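*Asks:* One structure is given below, represented as structure tokens, and several questions about it will come after.
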Amino acid sequence: GAVVSQHPSWVICKSGTSVKIECRSLDFQATTMFWYRQFPKQSLMLMATSNEGSKATYEQGVEKDKFLINHASLTLSTLTVTSAHPEDSSFYICSARDESGGLGAQHFGDGTRLSIL
Amino acid sequence: GEDVEQSLFLSVREGDSSVINCTYTDSSSTYLYWYKQEPGAGLQLLTYIFSNMDMKQDQRLTVLLNKKDKHLSLRIADTQTGDSAIYFCAERKRTGTASKLTFGTGTRLQVTL
């Protein structure tokens with residue numbers, strides 16, 4: 001079945017560091033990928049839609065200069081949390097849309113737990 | 001409103017059926033999905049239903065859709081301890097030329113022996 005690989009799975013770093021998270025679709029091409037943030041015991045909050053070859057579309061309230069998204073190929077999107085601070089600590093999950101077959105199902109990575117000290 | 005609503009918690013005994021309910025918001029949603037999330041992991045797509053269907057069965061899973069009431073349910077037959085997880089419904093909504101998923105609040109399913 002479709003697989004989305006996300007790494008790293010867990011990052012601990014000091015305040016002020018920039019952290020890059022990668023999301024790869026392993027057996028399908030994805031022109032559209034999504035980045036979500038999930039707080040404990042809560043649902044997923046869409047941060048931005050990553051579009052291959054063009055700028056990402058950010059949801060209201062998400063700082064695009066803080067959360068840099070690059071979707072340079074049909075199988076890779078990256079999220080860089082710049083100058084991370086403790087309030088950025090969260091569980092980040094990526095998703096890739098598989099448009100083959102017309103269903104457009106979104107498949108999810110296993111998430112990255114980001115802890116900023 | 002804008003929220004996709006689900007019950008927070010459901011507890012069932014092993015072997016019983018589980019029914020997880022979801023009320024969504026947009027009658028024009030084309031696809032509705034059910035995802036499973038185990039602790040510390042991402043979301044696993046379980047099943048989906050197209051908006052012109054009333055029911056879909058896939059092994060132990062049965063999805064019912066009441067479009068008039070915007071109500072979606074997931075029934076898990078013969079629930080096992082491995083089914084313990086958080087279940088999210090999601091609707092695919094079109095916004096302009098794009099579409100995106102809106103997730104429900106999640107239902108934590110606890111399966112007891």
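Scheme for the structure tokens: letters A, B, ... for chains in order shown; per-chain residue numbers from 1; ligand numbers from 1 in order shown.
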Hey, which bits of region 18-56 of chain B sit within 8 Å of region 91-110 of chain A, and for each residue what's the closest pair of atoms and how far apart in Å (one decimal), counting only C-alpha atoms, rows by chain and increasing number, as CSV?
*Replies:*
residue,atom,partner,partner_atom,distance
B:Gly40,CA,A:Asp110,CA,7.8
B:Ala41,CA,A:Asp110,CA,4.7
B:Gly42,CA,A:Asp110,CA,3.9
B:Leu43,CA,A:Phe108,CA,5.5
B:Gln44,CA,A:Phe108,CA,6.7
B:Leu45,CA,A:His107,CA,6.7
*Asks:* Just want the 10 Å neighbourhood of region 28-34 of chain B, counted on only C-alpha atoms, with same-chain residues fewer than 6 positions away dropped. Output as a ChimeraX atom specification.
*Replies:* /A:103-106 /B:20,22,43-53,63,65,67,70,72-74,87-94,99,101-104
*Asks:* Let's see if you can do this: from backbone DSSP, list all strand (DSSP E) residues in chain A, as an NGL selection string.
*Replies:* :A and (4-7 or 10-13 or 19-25 or 32-38 or 44-51 or 57-58 or 67-73 or 76-81 or 90-98 or 105-108 or 112-116)
*Asks:* Which of these, A:Cys13, A:Val4, A:Ala30, A:Leu79, has the shortest distance to chain B once you count only C-alpha atoms?
*Replies:*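 Counting only C-alpha atoms, the residue closest to chain B is A:Val4.
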*Asks:* Which residue out of B:Ala98, B:Leu64, B:Val12, B:Leu113 has the minimum interatomic distance to Met33 (chain A) when only C-alpha atoms are used?
*Replies:*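 Nearest to Met33 (chain A): B:Ala98.
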*Asks:* CA of Ala48 (chain A) to CA of Gln37 (chain B): how many Å, to one decimal?
*Replies:*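 Those two atoms sit 20.6 Å apart.
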*Asks:* As an exercise, work out the distance from CA of Arg113 (chain A) to CA of Ser90 (chain A) in Å and give it to one decimal place.
*Replies:*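 Answer for the CA of Arg113 (chain A) to CA of Ser90 (chain A) separation: 6.0 Å.
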*Asks:* Tell me, in Å to one decimal, how far CA of Gln110 (chain B) is from CA of Tyr36 (chain A).
*Replies:*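 Going from CA of Gln110 (chain B) over to CA of Tyr36 (chain A), I get 25.0 Å.
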*Asks:* What's around Leu76 (chain A) at 7 Å? Count only C-alpha atoms, leave out sequence neighbours fewer than 2 positions away in its own chain, and write the answer as a list in words.
*Replies:*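 Result of the neighbour search: Cys23, Arg24, Ser25, His71, Ala72, Ser73, Leu74 and Thr78 of chain A.
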*Asks:* Tell me which protein, DNA and RNA residues are within 12 Å of Ser115 (chain A), counting only C-alpha atoms, leaving out same-chain ones fewer than 4 positions away, and put them as a ChimeraX atom specification.
*Replies:* /A:9-15,17,19,81,84-92
